[in-house]
>>> print(open('model.cif').read())   # mmCIF, C-alpha atoms; chains and numbers go by the auth columns
data_query
loop_
_atom_site.group_PDB
_atom_site.id
_atom_site.type_symbol
_atom_site.label_atom_id
_atom_site.label_comp_id
_atom_site.label_asym_id
_atom_site.label_seq_id
_atom_site.Cartn_x
_atom_site.Cartn_y
_atom_site.Cartn_z
_atom_site.B_iso_or_equiv
_atom_site.auth_seq_id
_atom_site.auth_asym_id
ATOM 1 C CA MET A 1 -206.533 -36.463 -6.312 0.00 1 Q
ATOM 2 C CA SER A 2 -203.127 -37.835 -5.509 0.00 2 Q
ATOM 3 C CA PHE A 3 -200.094 -36.229 -3.936 0.00 3 Q
ATOM 4 C CA GLU A 4 -196.645 -37.127 -5.163 0.00 4 Q
ATOM 5 C CA GLU A 5 -193.315 -35.337 -5.073 0.00 5 Q
ATOM 6 C CA LYS A 6 -189.839 -36.439 -6.064 0.00 6 Q
ATOM 7 C CA THR A 7 -187.302 -35.387 -3.467 0.00 7 Q
ATOM 8 C CA HIS A 8 -184.388 -34.821 -5.813 0.00 8 Q
ATOM 9 C CA ARG A 9 -183.068 -31.700 -4.082 0.00 9 Q
ATOM 10 C CA LEU A 10 -180.306 -31.797 -1.488 0.00 10 Q
ATOM 11 C CA ILE A 11 -181.814 -32.040 1.988 0.00 11 Q
ATOM 12 C CA GLN A 12 -178.768 -31.243 4.147 0.00 12 Q
ATOM 13 C CA THR A 13 -179.423 -27.511 4.563 0.00 13 Q
ATOM 14 C CA PHE A 14 -183.056 -28.271 5.477 0.00 14 Q
ATOM 15 C CA GLU A 15 -181.911 -30.769 8.107 0.00 15 Q
ATOM 16 C CA ASP A 16 -179.471 -28.168 9.454 0.00 16 Q
ATOM 17 C CA LEU A 17 -182.253 -25.565 9.549 0.00 17 Q
ATOM 18 C CA CYS A 18 -184.486 -27.941 11.521 0.00 18 Q
ATOM 19 C CA ARG A 19 -181.756 -28.708 14.031 0.00 19 Q
ATOM 20 C CA ALA A 20 -180.955 -24.980 14.408 0.00 20 Q
ATOM 21 C CA GLN A 21 -184.459 -24.250 15.692 0.00 21 Q
ATOM 22 C CA PRO A 22 -184.864 -23.413 19.391 0.00 22 Q
ATOM 23 C CA ASP A 23 -186.457 -26.826 19.944 0.00 23 Q
ATOM 24 C CA GLY A 24 -183.786 -28.510 17.790 0.00 24 Q
ATOM 25 C CA GLN A 25 -184.414 -32.239 17.692 0.00 25 Q
ATOM 26 C CA ASP A 26 -188.173 -31.769 18.220 0.00 26 Q
ATOM 27 C CA SER A 27 -188.432 -29.732 15.000 0.00 27 Q
ATOM 28 C CA TYR A 28 -186.276 -32.254 13.188 0.00 28 Q
ATOM 29 C CA ASP A 29 -188.422 -35.155 14.398 0.00 29 Q
ATOM 30 C CA ALA A 30 -191.691 -33.357 13.608 0.00 30 Q
ATOM 31 C CA LEU A 31 -190.616 -32.775 10.030 0.00 31 Q
ATOM 32 C CA LEU A 32 -188.320 -35.665 9.188 0.00 32 Q
ATOM 33 C CA GLY A 33 -188.980 -38.322 11.810 0.00 33 Q
ATOM 34 C CA TRP A 34 -191.959 -40.120 10.320 0.00 34 Q
ATOM 35 C CA ASP A 35 -192.835 -42.768 7.767 0.00 35 Q
ATOM 36 C CA LEU A 36 -196.602 -42.310 8.056 0.00 36 Q
ATOM 37 C CA LEU A 37 -198.313 -38.975 8.712 0.00 37 Q
ATOM 38 C CA VAL A 38 -201.872 -39.171 10.020 0.00 38 Q
ATOM 39 C CA PRO A 39 -204.575 -36.503 10.523 0.00 39 Q
ATOM 40 C CA VAL A 40 -204.974 -37.297 14.222 0.00 40 Q
ATOM 41 C CA ASP A 41 -203.723 -34.951 16.939 0.00 41 Q
ATOM 42 C CA PHE A 42 -201.290 -36.582 19.389 0.00 42 Q
ATOM 43 C CA GLU A 43 -197.923 -35.511 20.786 0.00 43 Q
ATOM 44 C CA ALA A 44 -195.482 -38.402 20.662 0.00 44 Q
ATOM 45 C CA SER A 45 -194.658 -40.582 17.708 0.00 45 Q
ATOM 46 C CA MET A 46 -195.728 -44.216 17.536 0.00 46 Q
ATOM 47 C CA SER A 47 -193.622 -47.054 16.244 0.00 47 Q
ATOM 48 C CA LEU A 48 -195.400 -49.902 14.497 0.00 48 Q
ATOM 49 C CA PRO A 49 -193.725 -53.253 13.803 0.00 49 Q
ATOM 50 C CA VAL A 50 -194.403 -52.880 10.079 0.00 50 Q
ATOM 51 C CA PRO A 51 -191.517 -52.449 7.625 0.00 51 Q
ATOM 52 C CA ALA A 52 -191.044 -48.931 6.273 0.00 52 Q
ATOM 53 C CA PRO A 53 -189.013 -47.959 3.182 0.00 53 Q
ATOM 54 C CA CYS A 54 -185.909 -47.143 5.247 0.00 54 Q
ATOM 55 C CA SER A 55 -186.351 -49.126 8.463 0.00 55 Q
ATOM 56 C CA GLU A 56 -187.819 -52.230 10.054 0.00 56 Q
ATOM 57 C CA ASN A 57 -190.546 -50.249 11.833 0.00 57 Q
ATOM 58 C CA THR A 58 -192.999 -47.575 10.714 0.00 58 Q
ATOM 59 C CA THR A 59 -192.902 -44.342 12.670 0.00 59 Q
ATOM 60 C CA VAL A 60 -196.330 -42.674 12.802 0.00 60 Q
ATOM 61 C CA LEU A 61 -196.658 -38.967 13.533 0.00 61 Q
ATOM 62 C CA SER A 62 -199.495 -36.475 13.806 0.00 62 Q
ATOM 63 C CA ALA A 63 -199.938 -34.153 10.830 0.00 63 Q
ATOM 64 C CA HIS A 64 -200.844 -31.464 13.384 0.00 64 Q
ATOM 65 C CA ARG A 65 -197.349 -31.631 14.865 0.00 65 Q
ATOM 66 C CA THR A 66 -195.685 -31.561 11.439 0.00 66 Q
ATOM 67 C CA LEU A 67 -197.857 -28.636 10.351 0.00 67 Q
ATOM 68 C CA LYS A 68 -196.862 -26.545 13.391 0.00 68 Q
ATOM 69 C CA ALA A 69 -193.157 -27.127 12.777 0.00 69 Q
ATOM 70 C CA ALA A 70 -193.444 -26.475 9.030 0.00 70 Q
ATOM 71 C CA LYS A 71 -195.411 -23.255 9.569 0.00 71 Q
ATOM 72 C CA ARG A 72 -192.696 -21.952 11.906 0.00 72 Q
ATOM 73 C CA LEU A 73 -190.063 -22.578 9.247 0.00 73 Q
ATOM 74 C CA ALA A 74 -192.226 -21.085 6.484 0.00 74 Q
ATOM 75 C CA VAL A 75 -192.570 -17.873 8.493 0.00 75 Q
ATOM 76 C CA GLN A 76 -188.880 -17.850 9.350 0.00 76 Q
ATOM 77 C CA LEU A 77 -187.894 -18.270 5.696 0.00 77 Q
ATOM 78 C CA ALA A 78 -190.666 -15.907 4.529 0.00 78 Q
ATOM 79 C CA LEU A 79 -191.880 -18.333 1.873 0.00 79 Q
ATOM 80 C CA PRO A 80 -193.537 -16.323 -0.882 0.00 80 Q
ATOM 81 C CA PRO A 81 -197.245 -16.574 -1.650 0.00 81 Q
ATOM 82 C CA HIS A 82 -196.210 -17.804 -5.113 0.00 82 Q
ATOM 83 C CA VAL A 83 -195.426 -21.297 -3.795 0.00 83 Q
ATOM 84 C CA SER A 84 -198.073 -23.684 -5.057 0.00 84 Q
ATOM 85 C CA HIS A 85 -200.981 -24.288 -2.697 0.00 85 Q
ATOM 86 C CA ARG A 86 -202.731 -26.853 -4.888 0.00 86 Q
ATOM 87 C CA CYS A 87 -199.957 -29.429 -4.708 0.00 87 Q
ATOM 88 C CA ASP A 88 -201.175 -32.287 -6.797 0.00 88 Q
ATOM 89 C CA ASN A 89 -198.644 -34.580 -8.427 0.00 89 Q
ATOM 90 C CA LEU A 90 -195.238 -32.920 -8.655 0.00 90 Q
ATOM 91 C CA ASP A 91 -196.622 -29.369 -8.416 0.00 91 Q
ATOM 92 C CA LEU A 92 -194.095 -28.193 -5.835 0.00 92 Q
ATOM 93 C CA GLY A 93 -191.088 -29.670 -7.589 0.00 93 Q
ATOM 94 C CA ASN A 94 -192.263 -28.321 -10.907 0.00 94 Q
ATOM 95 C CA TRP A 95 -192.740 -24.839 -9.436 0.00 95 Q
ATOM 96 C CA PHE A 96 -189.297 -24.826 -7.796 0.00 96 Q
ATOM 97 C CA ASP A 97 -187.725 -25.993 -11.063 0.00 97 Q
ATOM 98 C CA SER A 98 -189.582 -23.478 -13.240 0.00 98 Q
ATOM 99 C CA PRO A 99 -188.839 -19.910 -14.355 0.00 99 Q
ATOM 100 C CA ALA A 100 -191.618 -18.813 -11.968 0.00 100 Q
ATOM 101 C CA THR A 101 -189.216 -19.375 -9.075 0.00 101 Q
ATOM 102 C CA ALA A 102 -186.630 -17.030 -10.584 0.00 102 Q
ATOM 103 C CA GLU A 103 -189.360 -14.424 -10.990 0.00 103 Q
ATOM 104 C CA ALA A 104 -190.481 -14.946 -7.372 0.00 104 Q
ATOM 105 C CA VAL A 105 -186.891 -14.496 -6.157 0.00 105 Q
ATOM 106 C CA ILE A 106 -186.893 -11.055 -7.790 0.00 106 Q
ATOM 107 C CA SER A 107 -190.368 -10.006 -6.662 0.00 107 Q
ATOM 108 C CA HIS A 108 -190.280 -11.593 -3.195 0.00 108 Q
ATOM 109 C CA SER A 109 -186.717 -11.608 -1.953 0.00 109 Q
ATOM 110 C CA GLY A 110 -185.960 -13.066 1.438 0.00 110 Q
ATOM 111 C CA ARG A 111 -184.253 -15.857 3.264 0.00 111 Q
ATOM 112 C CA TRP A 112 -186.168 -18.480 1.262 0.00 112 Q
ATOM 113 C CA ALA A 113 -184.451 -17.285 -1.924 0.00 113 Q
ATOM 114 C CA GLU A 114 -180.999 -17.777 -0.400 0.00 114 Q
ATOM 115 C CA ASP A 115 -181.503 -21.544 -0.047 0.00 115 Q
ATOM 116 C CA LEU A 116 -184.026 -22.955 -2.491 0.00 116 Q
ATOM 117 C CA ASP A 117 -183.400 -26.503 -1.298 0.00 117 Q
ATOM 118 C CA ALA A 118 -184.401 -25.671 2.285 0.00 118 Q
ATOM 119 C CA ALA A 119 -187.329 -23.616 0.968 0.00 119 Q
ATOM 120 C CA TYR A 120 -188.476 -26.558 -1.166 0.00 120 Q
ATOM 121 C CA TYR A 121 -188.454 -28.987 1.762 0.00 121 Q
ATOM 122 C CA THR A 122 -190.158 -26.461 4.005 0.00 122 Q
ATOM 123 C CA ALA A 123 -192.930 -26.061 1.425 0.00 123 Q
ATOM 124 C CA LEU A 124 -193.066 -29.819 0.873 0.00 124 Q
ATOM 125 C CA TYR A 125 -193.581 -30.682 4.532 0.00 125 Q
ATOM 126 C CA LEU A 126 -195.999 -27.779 4.978 0.00 126 Q
ATOM 127 C CA ARG A 127 -198.148 -28.894 2.046 0.00 127 Q
ATOM 128 C CA THR A 128 -197.894 -32.559 3.048 0.00 128 Q
ATOM 129 C CA ALA A 129 -199.249 -31.878 6.533 0.00 129 Q
ATOM 130 C CA GLU A 130 -201.926 -29.540 5.169 0.00 130 Q
ATOM 131 C CA ARG A 131 -203.012 -32.144 2.650 0.00 131 Q
ATOM 132 C CA SER A 132 -203.238 -34.867 5.275 0.00 132 Q
ATOM 133 C CA LEU A 133 -205.454 -32.625 7.393 0.00 133 Q
ATOM 134 C CA TRP A 134 -207.570 -31.214 4.526 0.00 134 Q
ATOM 135 C CA ARG A 135 -208.224 -34.625 3.009 0.00 135 Q
ATOM 136 C CA GLN A 136 -208.310 -36.443 6.357 0.00 136 Q
ATOM 137 C CA CYS A 137 -205.959 -39.059 4.942 0.00 137 Q
ATOM 138 C CA PRO A 138 -202.636 -40.618 5.924 0.00 138 Q
ATOM 139 C CA ILE A 139 -199.568 -39.854 3.844 0.00 139 Q
ATOM 140 C CA SER A 140 -196.565 -42.141 3.621 0.00 140 Q
ATOM 141 C CA TYR A 141 -193.135 -42.239 2.080 0.00 141 Q
ATOM 142 C CA VAL A 142 -192.805 -44.664 -0.790 0.00 142 Q
#
>>> encode(input="model.cif", output="structure tokens")
Amino acid sequence: MSFEEKTHRLIQTFEDLCRAQPDGQDSYDALLGWDLLVPVDFEASMSLPVPAPCSENTTVLSAHRTLKAAKRLAVQLALPPHVSHRCDNLDLGNWFDSPATAEAVISHSGRWAEDLDAAYYTALYLRTAERSLWRQCPISYV
């Protein structure tokens, strides 16, 4: 089973949310500072001299670290249980773009509903880290 999402939503409010965390840049780096996420537990990031989509080097990060940061945001935003857990190809984007989201906003109000872009990216990074750990596989940006 593959995992693909199109990041067509605005990311600025998610970046701001990450930087507003008590650990600021650490949260930002744990969620947005990688090109390759691996299911190995280590603290610091590693830089490999291999071209990445947006830079000359590939930054490798532990999925464990990303998962911790994403879980903190998910709790803070009170993401609803309605958000897809399966997350195969485009499942998250499709859910956030569907009428089911409008229904979830009504039945499960909260901070997540006030900024669906930040909620989407929170769910995306949460599910990405979970998938890397569940499947014991690396995940990269393409």
>>> residues_near_point(input="model.cif", point="(-198.7, -34.0, -11.5)", cutoff="9 Å", atoms="only C-alpha atoms", output="MDAnalysis selection string")
chainID Q and resid 2:5 87:91 94
>>> closest_residue(input="model.cif", among="Q:Thr101, Q:Gln21, Q:Thr59, Q:Ser47", to="Ala119 in chain Q", atoms="only C-alpha atoms")
Q:Thr101
>>> atom_distance(input="model.cif", atom1="CA of Ile106 in chain Q", atom2="CA of Pro80 in chain Q")
10.9 Å
>>> resolve_selection(input="model.cif", expression="the PyMOL selection byres ((chain Q and resi 122-132) around 9)", output="tab-separated table (two decimals) with C-alpha atoms, in the coordinates of the input")
chain	number	residue	atom	x	y	z
Q	3	PHE	CA	-200.09	-36.23	-3.94
Q	5	GLU	CA	-193.32	-35.34	-5.07
Q	14	PHE	CA	-183.06	-28.27	5.48
Q	31	LEU	CA	-190.62	-32.78	10.03
Q	32	LEU	CA	-188.32	-35.66	9.19
Q	37	LEU	CA	-198.31	-38.98	8.71
Q	38	VAL	CA	-201.87	-39.17	10.02
Q	39	PRO	CA	-204.58	-36.50	10.52
Q	62	SER	CA	-199.50	-36.48	13.81
Q	63	ALA	CA	-199.94	-34.15	10.83
Q	64	HIS	CA	-200.84	-31.46	13.38
Q	65	ARG	CA	-197.35	-31.63	14.86
Q	66	THR	CA	-195.68	-31.56	11.44
Q	67	LEU	CA	-197.86	-28.64	10.35
Q	68	LYS	CA	-196.86	-26.54	13.39
Q	69	ALA	CA	-193.16	-27.13	12.78
Q	70	ALA	CA	-193.44	-26.48	9.03
Q	71	LYS	CA	-195.41	-23.26	9.57
Q	73	LEU	CA	-190.06	-22.58	9.25
Q	74	ALA	CA	-192.23	-21.08	6.48
Q	77	LEU	CA	-187.89	-18.27	5.70
Q	79	LEU	CA	-191.88	-18.33	1.87
Q	83	VAL	CA	-195.43	-21.30	-3.80
Q	84	SER	CA	-198.07	-23.68	-5.06
Q	85	HIS	CA	-200.98	-24.29	-2.70
Q	86	ARG	CA	-202.73	-26.85	-4.89
Q	87	CYS	CA	-199.96	-29.43	-4.71
Q	92	LEU	CA	-194.10	-28.19	-5.84
Q	93	GLY	CA	-191.09	-29.67	-7.59
Q	117	ASP	CA	-183.40	-26.50	-1.30
Q	118	ALA	CA	-184.40	-25.67	2.28
Q	119	ALA	CA	-187.33	-23.62	0.97
Q	120	TYR	CA	-188.48	-26.56	-1.17
Q	121	TYR	CA	-188.45	-28.99	1.76
Q	133	LEU	CA	-205.45	-32.62	7.39
Q	134	TRP	CA	-207.57	-31.21	4.53
Q	135	ARG	CA	-208.22	-34.62	3.01
Q	136	GLN	CA	-208.31	-36.44	6.36
Q	137	CYS	CA	-205.96	-39.06	4.94
Q	138	PRO	CA	-202.64	-40.62	5.92
Q	139	ILE	CA	-199.57	-39.85	3.84
>>> resolve_selection(input="model.cif", expression="the PyMOL selection byres ((chain Q and resi 45) around 9)", output="MDAnalysis selection string")
chainID Q and resid 29:30 33:34 42:44 46:47 59:62
>>> residues_around(input="model.cif", residues="Pro22 in chain Q", least_positions_apart="4", cutoff="12 Å", atoms="all atoms listed in the file", output="NGL selection string")
:Q and (17-18 or 26-28 or 69 or 72-73)
>>> atom_distance(input="model.cif", atom1="CA of Gly24 in chain Q", atom2="CA of Gln76 in chain Q")
14.5 Å
>>> residues_around(input="model.cif", residues="Tyr141 in chain Q", least_positions_apart="2", cutoff="8 Å", atoms="all atoms listed in the file", output="list in words")
Asp35, Leu36, Pro53 and Ile139 of chain Q
>>> atom_distance(input="model.cif", atom1="CA of Trp95 in chain Q", atom2="CA of Ile11 in chain Q")
17.4 Å
>>> axis_aligned_box(input="model.cif", around="range 10-13 of chain Q", padding_each_side="6 Å", output="AutoDock Vina command-line options")
--center_x -180.3 --center_y -29.8 --center_z 1.5 --size_x 15.0 --size_y 16.5 --size_z 18.1
>>> build_atoms(input="model.cif", residues="range 4-15 of chain Q", atoms="N, CA, C and O atoms", output="short mmCIF file (atom, residue, chain, number, x, y, z; two decimals), in the coordinates of the input")
data_model
loop_
_atom_site.label_atom_id
_atom_site.label_comp_id
_atom_site.auth_asym_id
_atom_site.auth_seq_id
_atom_site.Cartn_x
_atom_site.Cartn_y
_atom_site.Cartn_z
N GLU Q 4 -197.94 -36.49 -4.95
CA GLU Q 4 -196.64 -37.13 -5.16
C GLU Q 4 -195.61 -36.05 -5.42
O GLU Q 4 -195.85 -35.09 -6.13
N GLU Q 5 -194.45 -36.21 -4.82
CA GLU Q 5 -193.32 -35.34 -5.07
C GLU Q 5 -192.06 -36.19 -5.14
O GLU Q 5 -191.95 -37.19 -4.44
N LYS Q 6 -191.15 -35.79 -5.97
CA LYS Q 6 -189.84 -36.44 -6.06
C LYS Q 6 -188.86 -35.58 -5.29
O LYS Q 6 -188.71 -34.40 -5.57
N THR Q 7 -188.22 -36.16 -4.30
CA THR Q 7 -187.30 -35.39 -3.47
C THR Q 7 -185.88 -35.48 -4.03
O THR Q 7 -185.01 -36.12 -3.47
N HIS Q 8 -185.68 -34.80 -5.13
CA HIS Q 8 -184.39 -34.82 -5.81
C HIS Q 8 -183.44 -33.71 -5.36
O HIS Q 8 -182.29 -33.69 -5.74
N ARG Q 9 -183.92 -32.80 -4.56
CA ARG Q 9 -183.07 -31.70 -4.08
C ARG Q 9 -182.25 -32.16 -2.87
O ARG Q 9 -182.66 -33.06 -2.15
N LEU Q 10 -181.13 -31.49 -2.65
CA LEU Q 10 -180.31 -31.80 -1.49
C LEU Q 10 -181.06 -31.41 -0.22
O LEU Q 10 -181.64 -30.32 -0.14
N ILE Q 11 -181.03 -32.27 0.78
CA ILE Q 11 -181.81 -32.04 1.99
C ILE Q 11 -180.96 -31.55 3.16
O ILE Q 11 -181.48 -31.12 4.18
N GLN Q 12 -179.65 -31.55 3.02
CA GLN Q 12 -178.77 -31.24 4.15
C GLN Q 12 -179.04 -29.87 4.78
O GLN Q 12 -179.09 -29.75 5.99
N THR Q 13 -179.21 -28.84 3.97
CA THR Q 13 -179.42 -27.51 4.56
C THR Q 13 -180.78 -27.44 5.27
O THR Q 13 -180.93 -26.71 6.25
N PHE Q 14 -181.77 -28.20 4.79
CA PHE Q 14 -183.06 -28.27 5.48
C PHE Q 14 -182.90 -28.98 6.82
O PHE Q 14 -183.43 -28.52 7.84
N GLU Q 15 -182.16 -30.07 6.85
CA GLU Q 15 -181.91 -30.77 8.11
C GLU Q 15 -181.20 -29.84 9.09
O GLU Q 15 -181.55 -29.79 10.27
#
